[in-house]
>>> print(open('model13.tsv').read())   # TSV, C-alpha atoms
chain	number	residue	atom	x	y	z
A	1	MET	CA	130.46	188.77	32.19
A	2	LYS	CA	132.16	191.99	33.30
A	3	LEU	CA	130.37	195.30	32.84
A	4	ARG	CA	132.07	197.38	35.51
A	5	GLY	CA	132.49	200.64	33.61
A	6	SER	CA	129.11	200.74	31.92
A	7	GLY	CA	127.53	199.37	35.09
A	8	ARG	CA	128.78	202.27	37.17
A	9	ARG	CA	127.49	204.79	34.67
A	10	GLN	CA	124.10	203.13	34.51
A	11	ALA	CA	123.89	202.87	38.31
A	12	ALA	CA	124.69	206.57	38.67
A	13	GLN	CA	122.13	207.56	36.07
A	14	SER	CA	119.50	205.34	37.65
A	15	ARG	CA	120.07	206.78	41.11
A	16	GLU	CA	119.70	210.30	39.77
A	17	SER	CA	116.35	209.47	38.23
A	18	ALA	CA	115.05	206.98	40.81
A	19	SER	CA	112.49	209.46	42.07
A	20	ASP	CA	110.85	209.60	38.64
A	21	PRO	CA	108.55	206.55	38.18
A	22	GLY	CA	108.37	207.25	34.45
A	23	ASN	CA	112.01	206.26	34.08
A	24	ALA	CA	111.56	202.76	35.52
A	25	GLY	CA	110.55	201.17	32.23
A	26	SER	CA	113.40	202.78	30.30
A	27	LYS	CA	115.92	201.72	32.95
A	28	ILE	CA	114.81	198.12	32.68
A	29	ARG	CA	114.90	198.25	28.88
A	30	ASP	CA	118.39	199.76	29.00
A	31	LEU	CA	119.54	197.03	31.35
A	32	HIS	CA	118.13	194.34	29.07
A	33	ALA	CA	119.86	195.94	26.08
A	34	GLU	CA	123.14	196.10	27.97
A	35	TYR	CA	123.00	192.46	28.97
A	36	ALA	CA	121.89	191.36	25.50
A	37	ALA	CA	124.74	193.28	23.85
A	38	ASP	CA	127.30	191.87	26.23
A	39	ARG	CA	126.08	188.30	25.79
A	40	THR	CA	126.15	188.74	21.99
A	41	ILE	CA	129.73	190.02	22.08
A	42	HIS	CA	130.71	187.17	24.39
A	43	ARG	CA	129.25	184.58	22.03
A	44	MET	CA	130.96	186.17	19.02
A	45	ARG	CA	134.34	186.13	20.76
A	46	GLU	CA	134.00	182.57	21.98
A	47	THR	CA	136.22	180.31	19.87
A	48	LYS	CA	135.61	176.71	18.97
A	49	ALA	CA	138.48	175.69	21.25
A	50	GLY	CA	136.88	177.62	24.10
A	51	ARG	CA	133.54	175.88	23.62
A	52	GLU	CA	135.23	172.49	23.59
A	53	SER	CA	137.12	173.41	26.76
A	54	ASN	CA	133.87	174.26	28.56
A	55	LEU	CA	132.38	170.94	27.53
A	56	GLU	CA	135.27	169.15	29.20
A	57	LYS	CA	134.45	170.71	32.57
A	58	THR	CA	132.55	168.86	35.27
A	59	TYR	CA	129.71	171.10	36.44
A	60	TYR	CA	128.11	171.01	39.88
A	61	VAL	CA	125.28	172.84	41.67
A	62	CYS	CA	125.64	172.08	45.40
A	63	LYS	CA	128.07	172.93	48.21
A	64	TYR	CA	128.09	169.28	49.29
A	65	THR	CA	129.54	168.18	45.94
A	66	PRO	CA	132.92	166.47	46.57
A	67	LEU	CA	134.97	168.84	44.41
A	68	GLU	CA	138.26	167.71	45.93
A	69	LEU	CA	137.53	164.10	45.00
A	70	LEU	CA	136.64	165.01	41.42
A	71	THR	CA	139.83	167.07	41.17
A	72	ALA	CA	141.85	164.08	42.35
A	73	PHE	CA	140.73	162.23	39.21
A	74	GLY	CA	141.67	165.09	36.90
A	75	GLY	CA	138.30	166.84	36.86
A	76	GLU	CA	138.03	170.59	36.23
A	77	CYS	CA	135.00	171.65	38.27
A	78	GLU	CA	132.80	174.68	37.69
A	79	ASN	CA	129.65	175.94	39.38
A	80	LEU	CA	126.67	175.79	36.99
A	81	ASN	CA	125.02	179.12	37.72
A	82	MET	CA	124.08	180.68	34.38
A	83	MET	CA	120.82	182.57	34.02
A	84	PRO	CA	119.31	181.95	30.57
A	85	GLU	CA	117.19	184.39	28.59
A	86	GLY	CA	114.29	181.95	28.88
A	87	PHE	CA	113.39	178.29	29.22
A	88	ASP	CA	112.67	177.36	25.61
A	89	TYR	CA	114.02	173.83	26.00
A	90	ALA	CA	113.20	173.20	29.67
A	91	ASP	CA	109.53	174.16	29.34
A	92	GLN	CA	109.08	171.42	26.76
A	93	ILE	CA	109.92	168.62	29.20
A	94	ALA	CA	109.56	170.01	32.75
A	95	HIS	CA	106.52	170.68	34.90
A	96	PRO	CA	105.49	174.38	34.88
A	97	ASN	CA	105.92	174.64	38.66
A	98	ILE	CA	109.48	173.34	38.82
A	99	CYS	CA	111.74	176.06	40.22
A	100	GLY	CA	113.63	178.38	37.90
A	101	PHE	CA	117.04	177.10	38.92
A	102	GLY	CA	116.07	173.54	38.04
A	103	LYS	CA	114.91	174.80	34.65
A	104	SER	CA	118.19	176.67	34.16
A	105	VAL	CA	120.11	173.41	34.67
A	106	LEU	CA	117.89	171.65	32.15
A	107	GLU	CA	118.27	174.56	29.73
A	108	ALA	CA	122.08	174.49	29.88
A	109	VAL	CA	122.25	170.74	29.26
A	110	LEU	CA	119.63	170.63	26.51
A	111	ALA	CA	121.32	173.60	24.80
A	112	GLY	CA	124.53	171.56	24.63
A	113	GLN	CA	126.52	173.69	27.08
A	114	VAL	CA	127.18	170.90	29.60
A	115	LYS	CA	128.42	167.33	29.12
A	116	GLU	CA	129.50	166.35	32.65
A	117	LEU	CA	127.30	167.01	35.68
A	118	VAL	CA	127.39	165.91	39.33
A	119	LEU	CA	124.24	166.61	41.35
A	120	VAL	CA	123.24	166.22	45.00
A	121	ASN	CA	119.68	165.37	46.03
A	122	CYS	CA	119.09	168.86	47.46
A	123	CYS	CA	115.33	168.82	46.87
A	124	ASP	CA	112.53	167.36	44.77
A	125	THR	CA	113.41	169.69	41.91
A	126	ILE	CA	116.96	168.34	41.60
A	127	ARG	CA	115.65	164.78	41.76
A	128	SER	CA	113.26	165.58	38.93
A	129	VAL	CA	116.05	167.25	36.96
A	130	TYR	CA	118.23	164.16	37.39
A	131	ASP	CA	115.47	161.87	36.12
A	132	LEU	CA	114.81	164.08	33.11
A	133	LEU	CA	118.49	164.36	32.22
A	134	GLU	CA	119.06	160.64	32.65
A	135	ASP	CA	116.24	159.95	30.20
A	136	SER	CA	117.51	162.59	27.76
A	137	GLY	CA	120.86	160.91	27.17
A	138	GLN	CA	122.45	164.34	26.56
A	139	LEU	CA	125.28	163.95	29.08
A	140	ASP	CA	128.51	162.00	28.86
A	141	PHE	CA	128.68	161.72	32.66
A	142	LEU	CA	125.82	162.18	35.13
A	143	TYR	CA	125.83	161.28	38.81
A	144	MET	CA	123.67	162.22	41.78
A	145	LEU	CA	124.82	161.80	45.39
A	146	ASP	CA	121.98	160.68	47.62
A	147	MET	CA	122.69	162.34	50.98
A	148	LEU	CA	120.63	162.15	54.13
A	149	HIS	CA	119.49	165.44	55.64
A	150	THR	CA	121.33	164.90	58.94
A	151	ARG	CA	124.12	167.43	59.13
A	152	SER	CA	126.11	166.52	62.25
A	153	ALA	CA	128.61	164.03	60.91
A	154	PHE	CA	130.69	164.69	64.02
A	155	PRO	CA	128.41	164.34	67.11
A	156	GLU	CA	131.10	165.83	69.34
A	157	ARG	CA	130.60	169.15	67.50
A	158	ASN	CA	126.90	169.28	68.34
A	159	ALA	CA	125.52	168.21	71.71
A	160	ASP	CA	122.02	167.82	70.24
A	161	ALA	CA	123.10	165.46	67.48
A	162	SER	CA	121.90	161.88	67.46
A	163	LEU	CA	124.87	159.50	67.42
A	164	SER	CA	123.03	156.86	65.38
A	165	ASP	CA	121.79	159.40	62.82
A	166	SER	CA	125.23	160.96	62.50
A	167	VAL	CA	127.01	157.66	61.99
A	168	CYS	CA	124.38	156.55	59.47
A	169	SER	CA	124.58	159.80	57.51
A	170	ARG	CA	128.37	159.84	57.44
A	171	GLY	CA	128.60	156.17	56.48
A	172	ARG	CA	126.09	156.62	53.69
A	173	VAL	CA	127.95	159.59	52.24
A	174	ALA	CA	131.27	157.71	52.47
A	175	ALA	CA	129.76	154.83	50.49
A	176	GLN	CA	128.46	157.29	47.89
A	177	LEU	CA	131.88	158.90	47.61
A	178	LYS	CA	133.56	155.57	46.96
A	179	ASP	CA	130.97	154.70	44.33
A	180	LEU	CA	131.44	158.08	42.65
A	181	ALA	CA	135.23	157.64	42.77
A	182	GLN	CA	134.98	154.32	40.98
A	183	LYS	CA	132.62	155.55	38.25
A	184	TYR	CA	134.26	158.93	37.72
A	185	GLY	CA	137.73	157.35	37.68
A	186	GLU	CA	136.61	154.89	35.01
A	187	TYR	CA	135.04	157.69	33.00
A	188	LYS	CA	138.18	159.85	33.18
A	189	GLY	CA	140.57	156.94	32.79
A	190	ARG	CA	142.53	158.22	35.79
A	191	LYS	CA	143.62	156.93	39.17
A	192	PHE	CA	143.12	158.75	42.46
A	193	ASP	CA	145.88	161.33	43.03
A	194	TYR	CA	146.35	161.91	46.75
A	195	SER	CA	148.47	165.03	46.28
A	196	ALA	CA	145.91	166.60	43.95
A	197	PHE	CA	143.15	165.70	46.42
A	198	ARG	CA	144.92	167.39	49.31
A	199	SER	CA	145.88	170.46	47.29
A	200	ALA	CA	142.27	170.99	46.20
A	201	PHE	CA	141.11	171.97	49.70
A	202	CYS	CA	140.57	175.72	49.83
A	203	PRO	CA	138.56	176.83	52.88
A	204	LYS	CA	136.67	180.08	52.56
A	205	GLU	CA	137.85	183.00	54.67
A	206	ARG	CA	135.06	185.16	56.01
A	207	THR	CA	135.33	188.88	55.32
A	208	GLN	CA	135.94	191.25	58.21
A	209	VAL	CA	135.26	194.50	56.35
A	210	THR	CA	132.00	196.43	56.35
A	211	HIS	CA	129.79	194.74	53.77
A	212	LEU	CA	126.36	193.66	52.60
A	213	ALA	CA	125.42	190.02	52.17
A	214	VAL	CA	123.23	188.12	49.75
A	215	LEU	CA	121.51	185.35	51.70
A	216	GLY	CA	118.83	182.80	50.89
A	217	ALA	CA	118.51	180.69	47.77
A	218	ARG	CA	121.33	180.68	45.24
A	219	MET	CA	121.57	183.78	43.07
A	220	GLY	CA	122.48	183.66	39.38
A	221	ASP	CA	125.74	185.27	38.25
A	222	GLU	CA	124.02	187.99	36.23
A	223	LEU	CA	121.74	189.05	39.09
A	224	TYR	CA	124.64	189.02	41.55
A	225	GLU	CA	126.72	191.27	39.31
A	226	MET	CA	123.82	193.67	38.95
A	227	THR	CA	123.40	193.67	42.75
A	228	GLN	CA	127.08	194.45	43.25
A	229	LYS	CA	126.93	197.38	40.86
A	230	SER	CA	123.79	198.78	42.51
A	231	MET	CA	125.04	198.77	46.10
A	232	PRO	CA	127.22	201.38	47.81
A	233	LEU	CA	129.09	198.76	49.88
A	234	PRO	CA	130.93	195.56	48.96
A	235	VAL	CA	128.48	192.66	48.51
A	236	VAL	CA	129.38	189.13	49.62
A	237	ASN	CA	127.48	186.21	48.13
A	238	GLU	CA	126.63	183.86	51.01
A	239	THR	CA	124.05	181.79	49.16
A	240	CYS	CA	124.23	178.03	48.64
A	241	VAL	CA	127.46	176.87	47.01
A	242	ASN	CA	129.12	180.27	47.56
A	243	ASN	CA	129.57	179.62	51.29
A	244	ARG	CA	131.16	176.21	50.70
A	245	SER	CA	134.16	175.66	52.97
A	246	VAL	CA	135.86	172.29	53.47
A	247	THR	CA	139.13	172.25	55.42
A	248	TRP	CA	141.96	169.74	55.24
A	249	THR	CA	142.37	168.27	58.76
A	250	TYR	CA	143.11	164.64	57.93
A	251	PRO	CA	145.83	163.20	60.21
A	252	GLU	CA	148.78	161.89	58.21
A	253	ALA	CA	149.15	159.07	60.74
A	254	GLU	CA	145.94	157.52	59.38
A	255	ARG	CA	147.15	157.34	55.79
A	256	GLN	CA	147.78	153.60	56.12
A	257	GLY	CA	145.33	151.20	57.72
A	258	THR	CA	143.36	148.01	57.35
A	259	GLY	CA	141.65	149.25	54.19
A	260	SER	CA	144.91	150.03	52.39
A	261	GLN	CA	145.00	149.86	48.63
A	262	LYS	CA	147.37	150.96	45.89
A	263	VAL	CA	146.70	154.62	45.14
A	264	GLN	CA	148.54	156.91	42.73
A	265	THR	CA	150.35	159.93	44.18
A	266	HIS	CA	151.67	161.84	41.19
A	267	ASP	CA	153.88	159.38	39.30
A	268	SER	CA	154.23	156.74	42.03
A	269	GLU	CA	151.96	154.33	43.87
A	270	THR	CA	151.78	153.76	47.59
A	271	ASP	CA	149.68	151.88	50.14
A	272	PHE	CA	146.82	154.04	51.29
A	273	ASP	CA	143.67	153.58	53.40
A	274	PHE	CA	141.16	154.99	50.93
A	275	ASP	CA	138.15	153.83	52.97
A	276	ALA	CA	139.31	155.75	56.05
A	277	LEU	CA	140.00	158.83	53.95
A	278	MET	CA	136.51	158.78	52.42
A	279	ASP	CA	134.95	158.32	55.86
A	280	TRP	CA	136.79	161.40	57.12
A	281	TYR	CA	135.97	163.34	53.94
A	282	ALA	CA	132.26	162.52	54.28
A	283	GLY	CA	132.33	164.04	57.76
A	284	GLU	CA	134.00	167.21	56.54
A	285	LEU	CA	131.47	167.67	53.75
A	286	LEU	CA	128.53	167.21	56.11
A	287	GLY	CA	130.14	169.39	58.79
A	288	GLN	CA	129.97	172.57	56.69
A	289	LEU	CA	127.79	175.52	57.55
A	290	PRO	CA	124.40	173.95	56.76
A	291	CYS	CA	122.06	174.80	53.95
A	292	MET	CA	118.30	174.84	54.47
A	293	ARG	CA	117.94	171.27	53.22
A	294	MET	CA	119.45	170.03	56.49
A	295	LEU	CA	117.41	169.18	59.58
A	296	ASP	CA	119.73	171.18	61.85
A	297	THR	CA	120.18	174.70	60.45
A	298	ALA	CA	121.19	176.52	63.64
A	299	GLY	CA	124.69	177.14	62.30
A	300	ARG	CA	123.30	179.51	59.66
A	301	LYS	CA	122.87	182.19	62.31
A	302	GLN	CA	126.51	183.17	61.85
A	303	LEU	CA	125.59	184.44	58.39
A	304	TYR	CA	123.63	187.36	59.83
A	305	GLN	CA	125.09	187.66	63.34
A	306	ASP	CA	128.14	189.46	62.02
A	307	PRO	CA	129.18	192.90	63.38
A	308	SER	CA	130.59	193.93	59.98
A	309	LEU	CA	127.29	193.18	58.22
A	310	LYS	CA	125.34	196.37	57.38
A	311	GLY	CA	122.51	195.03	55.23
A	312	ILE	CA	121.01	191.89	53.71
A	313	ILE	CA	119.59	191.19	50.26
A	314	TYR	CA	117.57	188.03	50.78
A	315	HIS	CA	116.96	186.13	47.55
A	316	THR	CA	114.38	183.45	46.88
A	317	VAL	CA	113.59	181.54	43.71
A	318	LYS	CA	110.04	181.18	42.46
A	319	PHE	CA	108.50	177.84	43.53
A	320	CYS	CA	111.29	177.17	46.08
A	321	ASP	CA	109.97	176.89	49.63
A	322	PHE	CA	113.14	176.08	51.58
A	323	TYR	CA	114.32	179.63	52.13
A	324	SER	CA	111.00	181.42	52.61
A	325	PHE	CA	110.89	180.11	56.19
A	326	GLU	CA	114.39	181.37	56.97
A	327	TYR	CA	113.59	184.90	55.82
A	328	ALA	CA	110.87	185.28	58.46
A	329	ASP	CA	113.26	184.07	61.16
A	330	ILE	CA	116.09	186.40	60.11
A	331	LYS	CA	113.77	189.38	59.94
A	332	SER	CA	112.77	188.89	63.56
A	333	HIS	CA	116.34	188.34	64.81
A	334	THR	CA	118.39	191.08	63.16
A	335	ASP	CA	118.39	194.88	63.20
A	336	VAL	CA	120.21	195.42	59.91
A	337	PRO	CA	118.22	196.59	56.86
A	338	ILE	CA	116.91	193.69	54.80
A	339	LEU	CA	115.44	193.49	51.30
A	340	LYS	CA	113.68	190.40	50.02
A	341	ILE	CA	113.67	189.76	46.27
A	342	GLU	CA	112.47	186.84	44.17
A	343	SER	CA	113.58	185.79	40.70
A	344	ASP	CA	112.66	182.98	38.33
A	345	TYR	CA	116.34	182.56	37.39
A	346	THR	CA	116.13	184.31	34.04
A	347	VAL	CA	117.95	187.47	32.95
A	348	GLN	CA	114.59	189.14	32.32
A	349	SER	CA	113.45	188.69	35.93
A	350	SER	CA	116.75	190.13	37.13
A	351	GLY	CA	116.24	193.31	35.13
A	352	GLN	CA	112.84	193.81	36.70
A	353	LEU	CA	114.45	193.90	40.16
A	354	LEU	CA	116.78	196.79	39.39
A	355	THR	CA	114.48	199.53	40.73
A	356	ARG	CA	114.02	197.76	44.07
A	357	LEU	CA	117.75	197.16	44.45
A	358	GLU	CA	118.56	200.81	43.79
A	359	ALA	CA	115.89	202.01	46.22
A	360	PHE	CA	117.43	199.76	48.89
A	361	ALA	CA	120.88	201.14	48.09
A	362	GLU	CA	119.61	204.70	48.58
A	363	SER	CA	118.01	203.80	51.90
A	364	LEU	CA	121.38	202.45	53.07
A	365	GLU	CA	123.06	205.73	52.17
A	366	LEU	CA	120.45	207.72	54.09
A	367	ASN	CA	120.81	205.51	57.18
A	368	SER	CA	124.54	204.86	57.15
A	369	GLY	CA	124.90	205.64	60.85
A	370	GLY	CA	128.45	205.80	62.14
A	371	TYR	CA	130.30	204.71	59.00
A	372	ASP	CA	131.06	206.82	55.95
A	373	ILE	CA	129.42	205.02	53.06
A	374	ARG	CA	130.85	207.53	50.60
A	375	GLN	CA	134.31	206.18	51.34
A	376	PHE	CA	133.32	202.73	50.15
A	377	ARG	CA	131.67	204.16	47.04
A	378	ARG	CA	134.92	205.95	46.16
A	379	ILE	CA	136.92	202.74	46.64
A	380	ARG	CA	134.55	200.74	44.42
A	381	GLU	CA	134.60	203.36	41.67
>>> encode(input="model13.tsv", output="structure tokens")
Amino acid sequence: MKLRGSGRRQAAQSRESASDPGNAGSKIRDLHAEYAADRTIHRMRETKAGRESNLEKTYYVCKYTPLELLTAFGGECENLNMMPEGFDYADQIAHPNICGFGKSVLEAVLAGQVKELVLVNCCDTIRSVYDLLEDSGQLDFLYMLDMLHTRSAFPERNADASLSDSVCSRGRVAAQLKDLAQKYGEYKGRKFDYSAFRSAFCPKERTQVTHLAVLGARMGDELYEMTQKSMPLPVVNETCVNNRSVTWTYPEAERQGTGSQKVQTHDSETDFDFDALMDWYAGELLGQLPCMRMLDTAGRKQLYQDPSLKGIIYHTVKFCDFYSFEYADIKSHTDVPILKIESDYTVQSSGQLLTRLEAFAESLELNSGGYDIRQFRRIRE
């Protein structure tokens, strides 16, 4: 959903009238109307072929999802991050206190928008979502990777890591990857494509320009777009799956080994040590910048210890406890301005946050210090 032009106009109008509390209700209503109109137009323009194409995608919700492996079997992966208008379907089968993101996943599946889904056992909510979806029978393919919470798959990268825990965690993930490869390959009717696997690696490059960051629990696409339009500086989404970064470092010398098997590489087959590859891949997945589900989260400090970072929007989701603890720690260890917001992962809750986002944006302009924030506003507009 792209609303750049109208978004700029609305943001400008809202800033002009931010000092008038009587305008808050009308601003929120206008935002709701804008989003509703855009979503209606989007649905009207969506063709049958487009809907069928979306249903052929394999959706995921976690940074530890093995996207490269799924791609090697012909999968087209997409982050499931839609914010529904409400939870009409999810509320009928889920507990009232399940977090809003979990309900949004249920809503998308039960509304017929998703047919293939790969989950990771991030938390109790995702486990509950998996159980509910498995019972529903609404999906053509459903799989959940059961990962341990030990991050350090490579003990040499962390002096405090337990060797036994690391080996156990890495070995367990490798076994899960091989099981997923077998089941997903059978579902797709495809063999593992080594070249496609290698080409799928796309490590994230961290920005060096002056920016704001969204940290904390994952933020829905609609709320993130609204945040971008409200802020005077570029906004980088560093939540959850958006800071995923897995790098290709596998030594070619290890391609063949004791676990060799016939594996397709484009239109030919060659001997290949698939077990060794999956063991290495498990380590790379676990070696990412950790999320709050992991026992060792020290690596997350780099998210806010960045000299180009000028402000933080810290997002939490209602009924999610993981990130509430991190907020308190960040607040006591950084000098940059920080705003905490909470949503229930619906479009309506996002609209209600507009006034707070714009007030934060104005405070950044008043306290811009040694950099010219007007220059960035001109670039964005």
>>> closest_residue(input="model13.tsv", among="A:Asp335, A:Asp146, A:Asp273, A:Asp321", to="Thr65 in chain A", atoms="only C-alpha atoms")
A:Asp146
>>> closest_residue(input="model13.tsv", among="A:Phe197, A:Tyr59, A:Tyr224, A:Tyr64", to="Asn79 in chain A", atoms="all atoms listed in the file")
A:Tyr59
>>> residues_near_point(input="model13.tsv", point="(127.9, 186.8, 43.3)", cutoff="8 Å", atoms="all atoms listed in the file", output="list in words")
Met219, Gly220, Asp221, Leu223, Tyr224, Glu225, Gln228, Val235, Val236, Asn237 and Asn242 of chain A
>>> residues_around(input="model13.tsv", residues="Leu177 in chain A", least_positions_apart="4", cutoff="9 Å", atoms="only C-alpha atoms", output="list in words")
Pro66, Leu69, Leu145, Arg172, Val173, Ala181, Gln182, Met278, Asp279, Tyr281 and Ala282 of chain A
>>> atom_distance(input="model13.tsv", atom1="CA of Phe325 in chain A", atom2="CA of Val246 in chain A")
26.3 Å
>>> atom_distance(input="model13.tsv", atom1="CA of Ser308 in chain A", atom2="CA of Thr210 in chain A")
4.6 Å
>>> residues_around(input="model13.tsv", residues="range 88-100 of chain A", least_positions_apart="5", cutoff="8 Å", atoms="all atoms listed in the file", output="PyMOL selection string")
chain A and resi 106-107+110-111+125+132+317-320+343-346
>>> write_last_selection(input="model13.tsv", atoms="C-alpha atoms", output="PDB file, in the frame of the given file")
ATOM      1  CA  LEU A 106     117.890 171.650  32.150  1.00  0.00           C
ATOM      2  CA  GLU A 107     118.270 174.560  29.730  1.00  0.00           C
ATOM      3  CA  LEU A 110     119.630 170.630  26.510  1.00  0.00           C
ATOM      4  CA  ALA A 111     121.320 173.600  24.800  1.00  0.00           C
ATOM      5  CA  THR A 125     113.410 169.690  41.910  1.00  0.00           C
ATOM      6  CA  LEU A 132     114.810 164.080  33.110  1.00  0.00           C
ATOM      7  CA  VAL A 317     113.590 181.540  43.710  1.00  0.00           C
ATOM      8  CA  LYS A 318     110.040 181.180  42.460  1.00  0.00           C
ATOM      9  CA  PHE A 319     108.500 177.840  43.530  1.00  0.00           C
ATOM     10  CA  CYS A 320     111.290 177.170  46.080  1.00  0.00           C
ATOM     11  CA  SER A 343     113.580 185.790  40.700  1.00  0.00           C
ATOM     12  CA  ASP A 344     112.660 182.980  38.330  1.00  0.00           C
ATOM     13  CA  TYR A 345     116.340 182.560  37.390  1.00  0.00           C
ATOM     14  CA  THR A 346     116.130 184.310  34.040  1.00  0.00           C
TER      15      THR A 346
END
>>> closest_residue(input="model13.tsv", among="A:Glu68, A:Asp179, A:Glu134, A:Glu238", to="Gln302 in chain A", atoms="all atoms listed in the file")
A:Glu238
>>> closest_residue(input="model13.tsv", among="A:Gly351, A:Gly311, A:Gly74, A:Gly185", to="His211 in chain A", atoms="all atoms listed in the file")
A:Gly311
>>> residues_around(input="model13.tsv", residues="Asp329 in chain A", least_positions_apart="3", cutoff="12 Å", atoms="all atoms listed in the file", output="PDB file with C-alpha atoms, in the coordinates of the input")
ATOM      1  CA  GLY A 216     118.830 182.800  50.890  1.00  0.00           C
ATOM      2  CA  THR A 297     120.180 174.700  60.450  1.00  0.00           C
ATOM      3  CA  ALA A 298     121.190 176.520  63.640  1.00  0.00           C
ATOM      4  CA  ARG A 300     123.300 179.510  59.660  1.00  0.00           C
ATOM      5  CA  LYS A 301     122.870 182.190  62.310  1.00  0.00           C
ATOM      6  CA  TYR A 304     123.630 187.360  59.830  1.00  0.00           C
ATOM      7  CA  TYR A 314     117.570 188.030  50.780  1.00  0.00           C
ATOM      8  CA  TYR A 323     114.320 179.630  52.130  1.00  0.00           C
ATOM      9  CA  SER A 324     111.000 181.420  52.610  1.00  0.00           C
ATOM     10  CA  PHE A 325     110.890 180.110  56.190  1.00  0.00           C
ATOM     11  CA  GLU A 326     114.390 181.370  56.970  1.00  0.00           C
ATOM     12  CA  SER A 332     112.770 188.890  63.560  1.00  0.00           C
ATOM     13  CA  HIS A 333     116.340 188.340  64.810  1.00  0.00           C
ATOM     14  CA  THR A 334     118.390 191.080  63.160  1.00  0.00           C
TER      15      THR A 334
END
